[in-house]
file structure_25.tsv (TSV, N, CA and C atoms)
chain	number	residue	atom	x	y	z
K	16	MET	N	-28.31	18.63	7.99
K	16	MET	CA	-29.32	18.80	6.95
K	16	MET	C	-29.54	17.45	6.27
K	17	THR	N	-30.77	17.01	6.24
K	17	THR	CA	-31.12	15.76	5.59
K	17	THR	C	-31.43	16.03	4.14
K	18	MET	N	-30.91	15.17	3.30
K	18	MET	CA	-31.11	15.30	1.85
K	18	MET	C	-32.23	14.36	1.43
K	19	ALA	N	-33.10	14.80	0.57
K	19	ALA	CA	-34.17	13.94	0.05
K	19	ALA	C	-33.66	13.27	-1.22
K	20	LEU	N	-33.62	11.95	-1.20
K	20	LEU	CA	-33.17	11.21	-2.38
K	20	LEU	C	-34.31	11.04	-3.37
K	21	PRO	N	-34.00	10.90	-4.66
K	21	PRO	CA	-35.04	10.75	-5.68
K	21	PRO	C	-35.89	9.49	-5.48
K	22	HIS	N	-35.30	8.41	-4.98
K	22	HIS	CA	-36.05	7.17	-4.76
K	22	HIS	C	-35.99	6.80	-3.29
K	23	ASP	N	-37.15	6.56	-2.71
K	23	ASP	CA	-37.21	6.14	-1.30
K	23	ASP	C	-37.27	4.62	-1.26
K	24	HIS	N	-36.22	4.00	-0.74
K	24	HIS	CA	-36.17	2.55	-0.63
K	24	HIS	C	-36.37	2.10	0.82
K	25	GLY	N	-36.77	3.02	1.66
K	25	GLY	CA	-37.07	2.70	3.05
K	25	GLY	C	-35.83	2.42	3.91
K	26	GLN	N	-34.68	2.91	3.51
K	26	GLN	CA	-33.46	2.64	4.27
K	26	GLN	C	-33.07	3.78	5.20
K	27	ALA	N	-33.65	4.92	5.04
K	27	ALA	CA	-33.33	6.11	5.84
K	27	ALA	C	-31.85	6.47	5.76
K	28	ILE	N	-31.24	6.17	4.65
K	28	ILE	CA	-29.81	6.43	4.46
K	28	ILE	C	-29.52	7.93	4.43
K	29	GLU	N	-30.48	8.72	3.99
K	29	GLU	CA	-30.27	10.16	3.89
K	29	GLU	C	-29.87	10.75	5.23
K	30	HIS	N	-30.52	10.30	6.29
K	30	HIS	CA	-30.24	10.81	7.63
K	30	HIS	C	-28.87	10.32	8.12
K	31	ASN	N	-28.58	9.05	7.89
K	31	ASN	CA	-27.33	8.46	8.37
K	31	ASN	C	-26.11	9.03	7.66
K	32	LEU	N	-26.25	9.42	6.40
K	32	LEU	CA	-25.13	9.93	5.64
K	32	LEU	C	-25.19	11.44	5.42
K	33	ALA	N	-25.94	12.11	6.27
K	33	ALA	CA	-26.07	13.56	6.13
K	33	ALA	C	-24.71	14.25	6.26
K	34	GLN	N	-23.79	13.66	7.00
K	34	GLN	CA	-22.46	14.24	7.20
K	34	GLN	C	-21.39	13.52	6.39
K	35	MET	N	-21.77	12.92	5.25
K	35	MET	CA	-20.81	12.20	4.43
K	35	MET	C	-19.69	13.15	4.01
K	36	PRO	N	-18.43	12.71	4.18
K	36	PRO	CA	-17.31	13.56	3.78
K	36	PRO	C	-17.32	13.84	2.28
K	37	ALA	N	-16.68	14.94	1.90
K	37	ALA	CA	-16.58	15.32	0.50
K	37	ALA	C	-15.59	14.40	-0.21
K	38	SER	N	-15.64	14.38	-1.53
K	38	SER	CA	-14.73	13.55	-2.33
K	38	SER	C	-13.27	13.82	-2.00
K	39	GLU	N	-12.93	15.09	-1.77
K	39	GLU	CA	-11.55	15.45	-1.46
K	39	GLU	C	-11.05	14.76	-0.19
K	40	ASP	N	-11.97	14.49	0.74
K	40	ASP	CA	-11.60	13.85	2.00
K	40	ASP	C	-11.15	12.41	1.79
K	41	PHE	N	-11.49	11.82	0.67
K	41	PHE	CA	-11.11	10.44	0.37
K	41	PHE	C	-9.83	10.37	-0.47
K	42	GLN	N	-9.21	11.52	-0.73
K	42	GLN	CA	-8.04	11.56	-1.61
K	42	GLN	C	-6.88	10.73	-1.09
K	43	ALA	N	-6.63	10.75	0.20
K	43	ALA	CA	-5.51	9.97	0.76
K	43	ALA	C	-5.69	8.49	0.48
K	44	ALA	N	-6.91	8.00	0.64
K	44	ALA	CA	-7.17	6.58	0.35
K	44	ALA	C	-7.01	6.30	-1.14
K	45	ALA	N	-7.48	7.20	-1.98
K	45	ALA	CA	-7.34	7.02	-3.43
K	45	ALA	C	-5.87	6.99	-3.83
K	46	ASP	N	-5.05	7.84	-3.21
K	46	ASP	CA	-3.62	7.87	-3.52
K	46	ASP	C	-2.94	6.56	-3.15
K	47	ILE	N	-3.30	5.99	-2.02
K	47	ILE	CA	-2.73	4.71	-1.60
K	47	ILE	C	-3.14	3.62	-2.58
K	48	PHE	N	-4.40	3.57	-2.94
K	48	PHE	CA	-4.86	2.54	-3.87
K	48	PHE	C	-4.23	2.69	-5.25
K	49	LYS	N	-3.93	3.91	-5.66
K	49	LYS	CA	-3.22	4.11	-6.93
K	49	LYS	C	-1.85	3.45	-6.88
K	50	GLN	N	-1.20	3.54	-5.73
K	50	GLN	CA	0.12	2.93	-5.58
K	50	GLN	C	0.05	1.41	-5.68
K	51	LEU	N	-1.06	0.86	-5.30
K	51	LEU	CA	-1.20	-0.59	-5.27
K	51	LEU	C	-1.90	-1.14	-6.51
K	52	CYS	N	-1.94	-0.35	-7.57
K	52	CYS	CA	-2.61	-0.81	-8.80
K	52	CYS	C	-1.69	-1.69	-9.64
K	53	ASP	N	-0.45	-1.82	-9.27
K	53	ASP	CA	0.51	-2.62	-10.02
K	53	ASP	C	0.89	-3.86	-9.21
K	54	PRO	N	0.72	-5.06	-9.77
K	54	PRO	CA	1.03	-6.28	-9.00
K	54	PRO	C	2.49	-6.37	-8.58
K	55	ASN	N	3.40	-5.86	-9.39
K	55	ASN	CA	4.82	-5.89	-9.00
K	55	ASN	C	5.08	-4.99	-7.79
K	56	ARG	N	4.40	-3.86	-7.75
K	56	ARG	CA	4.56	-2.95	-6.62
K	56	ARG	C	4.02	-3.59	-5.35
K	57	ILE	N	2.92	-4.31	-5.47
K	57	ILE	CA	2.36	-5.01	-4.31
K	57	ILE	C	3.33	-6.08	-3.84
K	58	ARG	N	3.93	-6.82	-4.77
K	58	ARG	CA	4.91	-7.86	-4.40
K	58	ARG	C	6.09	-7.24	-3.67
K	59	ILE	N	6.59	-6.14	-4.18
K	59	ILE	CA	7.72	-5.47	-3.54
K	59	ILE	C	7.33	-4.99	-2.15
K	60	PHE	N	6.17	-4.38	-2.03
K	60	PHE	CA	5.71	-3.92	-0.72
K	60	PHE	C	5.60	-5.10	0.24
K	61	TRP	N	4.98	-6.20	-0.21
K	61	TRP	CA	4.81	-7.38	0.64
K	61	TRP	C	6.18	-7.91	1.08
K	62	LEU	N	7.11	-7.99	0.14
K	62	LEU	CA	8.45	-8.45	0.46
K	62	LEU	C	9.08	-7.58	1.56
K	63	LEU	N	8.94	-6.27	1.42
K	63	LEU	CA	9.55	-5.36	2.37
K	63	LEU	C	8.83	-5.33	3.71
K	64	CYS	N	7.67	-5.95	3.79
K	64	CYS	CA	7.00	-6.13	5.08
K	64	CYS	C	7.70	-7.21	5.89
K	65	HIS	N	8.53	-8.02	5.21
K	65	HIS	CA	9.16	-9.16	5.87
K	65	HIS	C	10.67	-9.02	6.01
K	66	CYS	N	11.26	-8.06	5.34
K	66	CYS	CA	12.71	-7.90	5.41
K	66	CYS	C	13.10	-6.50	5.00
K	67	GLU	N	14.34	-6.19	5.26
K	67	GLU	CA	14.94	-4.94	4.80
K	67	GLU	C	15.95	-5.33	3.74
K	68	GLU	N	15.85	-4.74	2.55
K	68	GLU	CA	16.72	-5.15	1.45
K	68	GLU	C	17.15	-3.97	0.60
K	69	CYS	N	18.22	-4.20	-0.16
K	69	CYS	CA	18.71	-3.22	-1.12
K	69	CYS	C	18.05	-3.47	-2.48
K	70	VAL	N	18.18	-2.52	-3.37
K	70	VAL	CA	17.55	-2.59	-4.69
K	70	VAL	C	17.99	-3.84	-5.46
K	71	ILE	N	19.26	-4.12	-5.46
K	71	ILE	CA	19.77	-5.26	-6.25
K	71	ILE	C	19.18	-6.58	-5.75
K	72	ASN	N	19.10	-6.75	-4.44
K	72	ASN	CA	18.51	-7.99	-3.91
K	72	ASN	C	17.01	-8.04	-4.15
K	73	ILE	N	16.34	-6.92	-4.03
K	73	ILE	CA	14.89	-6.88	-4.31
K	73	ILE	C	14.67	-7.27	-5.76
K	74	ALA	N	15.46	-6.70	-6.66
K	74	ALA	CA	15.33	-7.01	-8.09
K	74	ALA	C	15.49	-8.51	-8.33
K	75	ALA	N	16.48	-9.12	-7.68
K	75	ALA	CA	16.70	-10.56	-7.85
K	75	ALA	C	15.52	-11.36	-7.30
K	76	LEU	N	15.00	-10.94	-6.15
K	76	LEU	CA	13.90	-11.68	-5.52
K	76	LEU	C	12.61	-11.62	-6.34
K	77	VAL	N	12.36	-10.50	-7.01
K	77	VAL	CA	11.11	-10.35	-7.78
K	77	VAL	C	11.32	-10.50	-9.28
K	78	HIS	N	12.55	-10.87	-9.68
K	78	HIS	CA	12.88	-11.13	-11.09
K	78	HIS	C	12.57	-9.93	-11.98
K	79	MET	N	13.09	-8.77	-11.56
K	79	MET	CA	12.91	-7.53	-12.32
K	79	MET	C	14.26	-6.83	-12.42
K	80	SER	N	14.35	-5.87	-13.30
K	80	SER	CA	15.58	-5.09	-13.42
K	80	SER	C	15.67	-4.10	-12.25
K	81	SER	N	16.88	-3.72	-11.92
K	81	SER	CA	17.08	-2.73	-10.84
K	81	SER	C	16.39	-1.40	-11.13
K	82	PRO	N	16.47	-0.88	-12.39
K	82	PRO	CA	15.76	0.38	-12.67
K	82	PRO	C	14.24	0.27	-12.48
K	83	ALA	N	13.67	-0.87	-12.86
K	83	ALA	CA	12.22	-1.05	-12.68
K	83	ALA	C	11.88	-1.09	-11.20
K	84	VAL	N	12.67	-1.81	-10.43
K	84	VAL	CA	12.45	-1.88	-8.99
K	84	VAL	C	12.60	-0.50	-8.36
K	85	SER	N	13.61	0.24	-8.78
K	85	SER	CA	13.83	1.59	-8.26
K	85	SER	C	12.62	2.49	-8.51
K	86	HIS	N	12.03	2.35	-9.69
K	86	HIS	CA	10.81	3.12	-10.01
K	86	HIS	C	9.70	2.79	-9.02
K	87	HIS	N	9.47	1.51	-8.77
K	87	HIS	CA	8.42	1.11	-7.83
K	87	HIS	C	8.74	1.57	-6.41
K	88	LEU	N	10.00	1.49	-6.03
K	88	LEU	CA	10.40	1.93	-4.69
K	88	LEU	C	10.15	3.42	-4.51
K	89	ARG	N	10.43	4.21	-5.53
K	89	ARG	CA	10.16	5.66	-5.45
K	89	ARG	C	8.68	5.91	-5.21
K	90	GLN	N	7.83	5.18	-5.92
K	90	GLN	CA	6.38	5.34	-5.77
K	90	GLN	C	5.93	4.96	-4.36
K	91	LEU	N	6.41	3.82	-3.89
K	91	LEU	CA	6.03	3.35	-2.56
K	91	LEU	C	6.54	4.29	-1.47
K	92	LYS	N	7.73	4.81	-1.66
K	92	LYS	CA	8.30	5.73	-0.67
K	92	LYS	C	7.55	7.05	-0.66
K	93	ALA	N	7.17	7.53	-1.83
K	93	ALA	CA	6.41	8.79	-1.92
K	93	ALA	C	5.06	8.68	-1.21
K	94	SER	N	4.50	7.49	-1.22
K	94	SER	CA	3.21	7.29	-0.54
K	94	SER	C	3.38	6.90	0.92
K	95	LYS	N	4.63	6.90	1.40
K	95	LYS	CA	4.96	6.61	2.80
K	95	LYS	C	4.65	5.17	3.22
K	96	LEU	N	4.59	4.26	2.23
K	96	LEU	CA	4.38	2.85	2.55
K	96	LEU	C	5.69	2.16	2.91
K	97	ILE	N	6.81	2.70	2.42
K	97	ILE	CA	8.11	2.16	2.76
K	97	ILE	C	9.03	3.31	3.19
K	98	VAL	N	10.10	2.94	3.86
K	98	VAL	CA	11.12	3.90	4.27
K	98	VAL	C	12.48	3.34	3.85
K	99	SER	N	13.48	4.21	3.83
K	99	SER	CA	14.81	3.76	3.45
K	99	SER	C	15.83	4.30	4.44
K	100	ARG	N	16.98	3.63	4.44
K	100	ARG	CA	18.11	4.12	5.22
K	100	ARG	C	19.37	3.84	4.41
K	101	ARG	N	20.34	4.72	4.54
K	101	ARG	CA	21.59	4.58	3.82
K	101	ARG	C	22.65	4.06	4.77
K	102	GLU	N	23.42	3.10	4.27
K	102	GLU	CA	24.58	2.58	5.00
K	102	GLU	C	25.73	2.55	4.00
K	103	GLY	N	26.61	3.54	4.10
K	103	GLY	CA	27.67	3.68	3.10
K	103	GLY	C	27.06	4.03	1.76
K	104	LYS	N	27.38	3.24	0.74
K	104	LYS	CA	26.83	3.47	-0.60
K	104	LYS	C	25.50	2.74	-0.81
K	105	GLU	N	25.17	1.87	0.11
K	105	GLU	CA	23.98	1.02	-0.04
K	105	GLU	C	22.76	1.67	0.61
K	106	VAL	N	21.60	1.57	-0.05
K	106	VAL	CA	20.34	2.04	0.50
K	106	VAL	C	19.47	0.82	0.75
K	107	TYR	N	18.92	0.73	1.94
K	107	TYR	CA	18.07	-0.39	2.33
K	107	TYR	C	16.63	0.10	2.50
K	108	TYR	N	15.70	-0.72	2.07
K	108	TYR	CA	14.28	-0.38	2.12
K	108	TYR	C	13.54	-1.38	3.00
K	109	ARG	N	12.49	-0.89	3.66
K	109	ARG	CA	11.62	-1.75	4.46
K	109	ARG	C	10.25	-1.09	4.55
K	110	CYS	N	9.30	-1.86	4.99
K	110	CYS	CA	7.94	-1.34	5.20
K	110	CYS	C	7.98	-0.28	6.29
K	111	SER	N	7.21	0.77	6.12
K	111	SER	CA	7.17	1.82	7.14
K	111	SER	C	6.31	1.36	8.32
K	112	ASP	N	6.43	2.07	9.41
K	112	ASP	CA	5.65	1.76	10.61
K	112	ASP	C	4.33	2.53	10.65
K	113	THR	N	3.92	3.10	9.53
K	113	THR	CA	2.68	3.87	9.51
K	113	THR	C	1.48	2.95	9.69
K	114	LYS	N	0.41	3.52	10.16
K	114	LYS	CA	-0.84	2.78	10.37
K	114	LYS	C	-1.32	2.16	9.05
K	115	VAL	N	-1.25	2.93	7.98
K	115	VAL	CA	-1.72	2.46	6.68
K	115	VAL	C	-0.90	1.27	6.20
K	116	ALA	N	0.42	1.36	6.27
K	116	ALA	CA	1.28	0.26	5.82
K	116	ALA	C	1.03	-0.99	6.65
K	117	GLN	N	0.87	-0.82	7.94
K	117	GLN	CA	0.66	-1.96	8.82
K	117	GLN	C	-0.72	-2.61	8.59
K	118	MET	N	-1.70	-1.84	8.15
K	118	MET	CA	-3.02	-2.39	7.83
K	118	MET	C	-3.00	-3.11	6.48
K	119	LEU	N	-2.23	-2.58	5.52
K	119	LEU	CA	-2.22	-3.16	4.17
K	119	LEU	C	-1.56	-4.53	4.13
K	120	HIS	N	-0.54	-4.74	4.93
K	120	HIS	CA	0.18	-6.01	4.92
K	120	HIS	C	-0.76	-7.21	5.13
K	121	PRO	N	-1.50	-7.29	6.23
K	121	PRO	CA	-2.41	-8.45	6.40
K	121	PRO	C	-3.53	-8.47	5.37
K	122	MET	N	-3.97	-7.30	4.90
K	122	MET	CA	-5.02	-7.25	3.90
K	122	MET	C	-4.55	-7.92	2.61
K	123	ILE	N	-3.33	-7.61	2.19
K	123	ILE	CA	-2.77	-8.22	0.98
K	123	ILE	C	-2.68	-9.73	1.15
K	124	GLU	N	-2.22	-10.16	2.31
K	124	GLU	CA	-2.09	-11.60	2.55
K	124	GLU	C	-3.45	-12.31	2.53
K	125	LYS	N	-4.46	-11.68	3.06
K	125	LYS	CA	-5.80	-12.28	3.02
K	125	LYS	C	-6.34	-12.35	1.59
K	126	ILE	N	-6.14	-11.30	0.82
K	126	ILE	CA	-6.64	-11.26	-0.56
K	126	ILE	C	-5.92	-12.29	-1.42
K	127	VAL	N	-4.60	-12.37	-1.28
K	127	VAL	CA	-3.80	-13.27	-2.11
K	127	VAL	C	-3.80	-14.70	-1.56
K	128	GLU	N	-4.31	-14.83	-0.33
K	128	GLU	CA	-4.36	-16.12	0.36
K	128	GLU	C	-2.96	-16.70	0.55
K	129	ILE	N	-2.07	-15.86	1.09
K	129	ILE	CA	-0.72	-16.27	1.46
K	129	ILE	C	-0.51	-15.89	2.91
K	130	SER	N	0.53	-16.39	3.49
K	130	SER	CA	0.85	-16.01	4.85
K	130	SER	C	2.29	-15.56	4.94
K	131	CYS	N	2.62	-14.90	6.02
K	131	CYS	CA	3.98	-14.44	6.24
K	131	CYS	C	4.93	-15.64	6.17
K	132	PRO	N	6.11	-15.45	5.60
K	132	PRO	CA	7.07	-16.54	5.54
K	132	PRO	C	7.40	-17.10	6.93
K	133	SER	N	7.38	-16.27	7.94
K	133	SER	CA	7.69	-16.73	9.30
K	133	SER	C	6.58	-17.60	9.89
K	134	GLU	N	5.41	-17.59	9.29
K	134	GLU	CA	4.27	-18.36	9.80
K	134	GLU	C	4.11	-19.70	9.09
K	135	GLN	N	4.98	-20.00	8.13
K	135	GLN	CA	4.84	-21.24	7.36
K	135	GLN	C	5.60	-22.38	7.98

call {"tool": "encode", "arguments": {"input": "structure_25.tsv", "output": "structure tokens"}}
result
Amino acid sequence: MTMALPHDHGQAIEHNLAQMPASEDFQAAADIFKQLCDPNRIRIFWLLCHCEECVINIAALVHMSSPAVSHHLRQLKASKLIVSRREGKEVYYRCSDTKVAQMLHPMIEKIVEISCPSEQ
């Protein structure tokens, strides 16, 4: 079904977007972007794209307290951007192998104009 727009700008967009998904269909993308609204969370995610680390080392690397880092890690893990594994009493975190996480890593580097530490 083609929708008639109030203003015709000669683009024929009504026909091309006749099957535009509903707002709810974009919720997964909105949830991911909510996770990345904090620069510290982005730094932590970027760091974990390059290594697997424990909370205490992550906190030292990003100059934050362990509780603050733990909060960000919970958020990133809930959105499936990172994964964890336990070894004894220690929990290690790293970037997940999901399609979304793997796409975000180079996107962040392009936006921030940085490159992977291994490429320097």

call {"tool": "atom_distance", "arguments": {"input": "structure_25.tsv", "atom1": "atom CA of Arg100 of chain K", "atom2": "atom CA of Pro132 of chain K"}}
result
23.4 Å

call {"tool": "select_by_dssp", "arguments": {"input": "structure_25.tsv", "residues": "chain K", "states": "strand (DSSP E)", "output": "list of chain:residue names"}}
result
K:Glu68, K:Cys69, K:Ile97, K:Val98, K:Ser99, K:Arg100, K:Arg101, K:Glu102, K:Glu105, K:Val106, K:Tyr107, K:Tyr108, K:Arg109, K:Cys110

call {"tool": "write_last_selection", "arguments": {"input": "structure_25.tsv", "atoms": "N, CA and C atoms", "output": "short mmCIF file (atom, residue, chain, number, x, y, z; two decimals), in the frame of the given file"}}
result
data_model
loop_
_atom_site.label_atom_id
_atom_site.label_comp_id
_atom_site.auth_asym_id
_atom_site.auth_seq_id
_atom_site.Cartn_x
_atom_site.Cartn_y
_atom_site.Cartn_z
N GLU K 68 15.85 -4.74 2.55
CA GLU K 68 16.72 -5.15 1.45
C GLU K 68 17.15 -3.97 0.60
N CYS K 69 18.22 -4.20 -0.16
CA CYS K 69 18.71 -3.22 -1.12
C CYS K 69 18.05 -3.47 -2.48
N ILE K 97 6.81 2.70 2.42
CA ILE K 97 8.11 2.16 2.76
C ILE K 97 9.03 3.31 3.19
N VAL K 98 10.10 2.94 3.86
CA VAL K 98 11.12 3.90 4.27
C VAL K 98 12.48 3.34 3.85
N SER K 99 13.48 4.21 3.83
CA SER K 99 14.81 3.76 3.45
C SER K 99 15.83 4.30 4.44
N ARG K 100 16.98 3.63 4.44
CA ARG K 100 18.11 4.12 5.22
C ARG K 100 19.37 3.84 4.41
N ARG K 101 20.34 4.72 4.54
CA ARG K 101 21.59 4.58 3.82
C ARG K 101 22.65 4.06 4.77
N GLU K 102 23.42 3.10 4.27
CA GLU K 102 24.58 2.58 5.00
C GLU K 102 25.73 2.55 4.00
N GLU K 105 25.17 1.87 0.11
CA GLU K 105 23.98 1.02 -0.04
C GLU K 105 22.76 1.67 0.61
N VAL K 106 21.60 1.57 -0.05
CA VAL K 106 20.34 2.04 0.50
C VAL K 106 19.47 0.82 0.75
N TYR K 107 18.92 0.73 1.94
CA TYR K 107 18.07 -0.39 2.33
C TYR K 107 16.63 0.10 2.50
N TYR K 108 15.70 -0.72 2.07
CA TYR K 108 14.28 -0.38 2.12
C TYR K 108 13.54 -1.38 3.00
N ARG K 109 12.49 -0.89 3.66
CA ARG K 109 11.62 -1.75 4.46
C ARG K 109 10.25 -1.09 4.55
N CYS K 110 9.30 -1.86 4.99
CA CYS K 110 7.94 -1.34 5.20
C CYS K 110 7.98 -0.28 6.29
#

call {"tool": "atom_distance", "arguments": {"input": "structure_25.tsv", "atom1": "atom CA of Ala75 of chain K", "atom2": "atom CA of Leu119 of chain K"}}
result
23.6 Å

call {"tool": "residues_around", "arguments": {"input": "structure_25.tsv", "residues": "segment 82-97 of chain K", "least_positions_apart": "2", "cutoff": "7 Å", "atoms": "only C-alpha atoms", "output": "list in words"}}
result
Ile47, Gln50, Arg56, Val70, Ala74, Met79, Ser80, Ser99, Tyr108, Arg109, Cys110, Ser111 and Ala116 of chain K

call {"tool": "write_last_selection", "arguments": {"input": "structure_25.tsv", "atoms": "N, CA and C atoms", "output": "short mmCIF file (atom, residue, chain, number, x, y, z; two decimals), in the frame of the given file"}}
result
data_model
loop_
_atom_site.label_atom_id
_atom_site.label_comp_id
_atom_site.auth_asym_id
_atom_site.auth_seq_id
_atom_site.Cartn_x
_atom_site.Cartn_y
_atom_site.Cartn_z
N ILE K 47 -3.30 5.99 -2.02
CA ILE K 47 -2.73 4.71 -1.60
C ILE K 47 -3.14 3.62 -2.58
N GLN K 50 -1.20 3.54 -5.73
CA GLN K 50 0.12 2.93 -5.58
C GLN K 50 0.05 1.41 -5.68
N ARG K 56 4.40 -3.86 -7.75
CA ARG K 56 4.56 -2.95 -6.62
C ARG K 56 4.02 -3.59 -5.35
N VAL K 70 18.18 -2.52 -3.37
CA VAL K 70 17.55 -2.59 -4.69
C VAL K 70 17.99 -3.84 -5.46
N ALA K 74 15.46 -6.70 -6.66
CA ALA K 74 15.33 -7.01 -8.09
C ALA K 74 15.49 -8.51 -8.33
N MET K 79 13.09 -8.77 -11.56
CA MET K 79 12.91 -7.53 -12.32
C MET K 79 14.26 -6.83 -12.42
N SER K 80 14.35 -5.87 -13.30
CA SER K 80 15.58 -5.09 -13.42
C SER K 80 15.67 -4.10 -12.25
N SER K 99 13.48 4.21 3.83
CA SER K 99 14.81 3.76 3.45
C SER K 99 15.83 4.30 4.44
N TYR K 108 15.70 -0.72 2.07
CA TYR K 108 14.28 -0.38 2.12
C TYR K 108 13.54 -1.38 3.00
N ARG K 109 12.49 -0.89 3.66
CA ARG K 109 11.62 -1.75 4.46
C ARG K 109 10.25 -1.09 4.55
N CYS K 110 9.30 -1.86 4.99
CA CYS K 110 7.94 -1.34 5.20
C CYS K 110 7.98 -0.28 6.29
N SER K 111 7.21 0.77 6.12
CA SER K 111 7.17 1.82 7.14
C SER K 111 6.31 1.36 8.32
N ALA K 116 0.42 1.36 6.27
CA ALA K 116 1.28 0.26 5.82
C ALA K 116 1.03 -0.99 6.65
#

call {"tool": "residues_near_point", "arguments": {"input": "structure_25.tsv", "point": "(7.2, -7.2, -4.5)", "cutoff": "9 Å", "atoms": "only C-alpha atoms", "output": "PDB file with N, CA and C atoms, in the frame of the given file"}}
result
ATOM      1  N   PRO K  54       0.720  -5.060  -9.770  1.00  0.00           N
ATOM      2  CA  PRO K  54       1.030  -6.280  -9.000  1.00  0.00           C
ATOM      3  C   PRO K  54       2.490  -6.370  -8.580  1.00  0.00           C
ATOM      4  N   ASN K  55       3.400  -5.860  -9.390  1.00  0.00           N
ATOM      5  CA  ASN K  55       4.820  -5.890  -9.000  1.00  0.00           C
ATOM      6  C   ASN K  55       5.080  -4.990  -7.790  1.00  0.00           C
ATOM      7  N   ARG K  56       4.400  -3.860  -7.750  1.00  0.00           N
ATOM      8  CA  ARG K  56       4.560  -2.950  -6.620  1.00  0.00           C
ATOM      9  C   ARG K  56       4.020  -3.590  -5.350  1.00  0.00           C
ATOM     10  N   ILE K  57       2.920  -4.310  -5.470  1.00  0.00           N
ATOM     11  CA  ILE K  57       2.360  -5.010  -4.310  1.00  0.00           C
ATOM     12  C   ILE K  57       3.330  -6.080  -3.840  1.00  0.00           C
ATOM     13  N   ARG K  58       3.930  -6.820  -4.770  1.00  0.00           N
ATOM     14  CA  ARG K  58       4.910  -7.860  -4.400  1.00  0.00           C
ATOM     15  C   ARG K  58       6.090  -7.240  -3.670  1.00  0.00           C
ATOM     16  N   ILE K  59       6.590  -6.140  -4.180  1.00  0.00           N
ATOM     17  CA  ILE K  59       7.720  -5.470  -3.540  1.00  0.00           C
ATOM     18  C   ILE K  59       7.330  -4.990  -2.150  1.00  0.00           C
ATOM     19  N   PHE K  60       6.170  -4.380  -2.030  1.00  0.00           N
ATOM     20  CA  PHE K  60       5.710  -3.920  -0.720  1.00  0.00           C
ATOM     21  C   PHE K  60       5.600  -5.100   0.240  1.00  0.00           C
ATOM     22  N   TRP K  61       4.980  -6.200  -0.210  1.00  0.00           N
ATOM     23  CA  TRP K  61       4.810  -7.380   0.640  1.00  0.00           C
ATOM     24  C   TRP K  61       6.180  -7.910   1.080  1.00  0.00           C
ATOM     25  N   LEU K  62       7.110  -7.990   0.140  1.00  0.00           N
ATOM     26  CA  LEU K  62       8.450  -8.450   0.460  1.00  0.00           C
ATOM     27  C   LEU K  62       9.080  -7.580   1.560  1.00  0.00           C
ATOM     28  N   LEU K  63       8.940  -6.270   1.420  1.00  0.00           N
ATOM     29  CA  LEU K  63       9.550  -5.360   2.370  1.00  0.00           C
ATOM     30  C   LEU K  63       8.830  -5.330   3.710  1.00  0.00           C
ATOM     31  N   ILE K  73      16.340  -6.920  -4.030  1.00  0.00           N
ATOM     32  CA  ILE K  73      14.890  -6.880  -4.310  1.00  0.00           C
ATOM     33  C   ILE K  73      14.670  -7.270  -5.760  1.00  0.00           C
ATOM     34  N   ALA K  74      15.460  -6.700  -6.660  1.00  0.00           N
ATOM     35  CA  ALA K  74      15.330  -7.010  -8.090  1.00  0.00           C
ATOM     36  C   ALA K  74      15.490  -8.510  -8.330  1.00  0.00           C
ATOM     37  N   LEU K  76      15.000 -10.940  -6.150  1.00  0.00           N
ATOM     38  CA  LEU K  76      13.900 -11.680  -5.520  1.00  0.00           C
ATOM     39  C   LEU K  76      12.610 -11.620  -6.340  1.00  0.00           C
ATOM     40  N   VAL K  77      12.360 -10.500  -7.010  1.00  0.00           N
ATOM     41  CA  VAL K  77      11.110 -10.350  -7.780  1.00  0.00           C
ATOM     42  C   VAL K  77      11.320 -10.500  -9.280  1.00  0.00           C
ATOM     43  N   VAL K  84      12.670  -1.810 -10.430  1.00  0.00           N
ATOM     44  CA  VAL K  84      12.450  -1.880  -8.990  1.00  0.00           C
ATOM     45  C   VAL K  84      12.600  -0.500  -8.360  1.00  0.00           C
TER      46      VAL K  84
END

call {"tool": "atom_distance", "arguments": {"input": "structure_25.tsv", "atom1": "atom N of Leu20 of chain K", "atom2": "atom N of Pro36 of chain K"}}
result
16.1 Å

call {"tool": "closest_residue", "arguments": {"input": "structure_25.tsv", "among": "K:Gln26, K:Val106, K:Asp46, K:Gln34", "to": "Ile71 of chain K", "atoms": "all atoms listed in the file"}}
result
K:Val106

call {"tool": "closest_residue", "arguments": {"input": "structure_25.tsv", "among": "K:Ala27, K:Val98, K:Ser81, K:Ala19", "to": "Asp112 of chain K", "atoms": "all atoms listed in the file"}}
result
K:Val98

call {"tool": "select_by_dssp", "arguments": {"input": "structure_25.tsv", "residues": "chain K", "states": "helix (DSSP H, G or I)", "output": "MDAnalysis selection string"}}
result
chainID K and resid 28:31 38:50 54:63 70:77 81:93 114:127 132:134
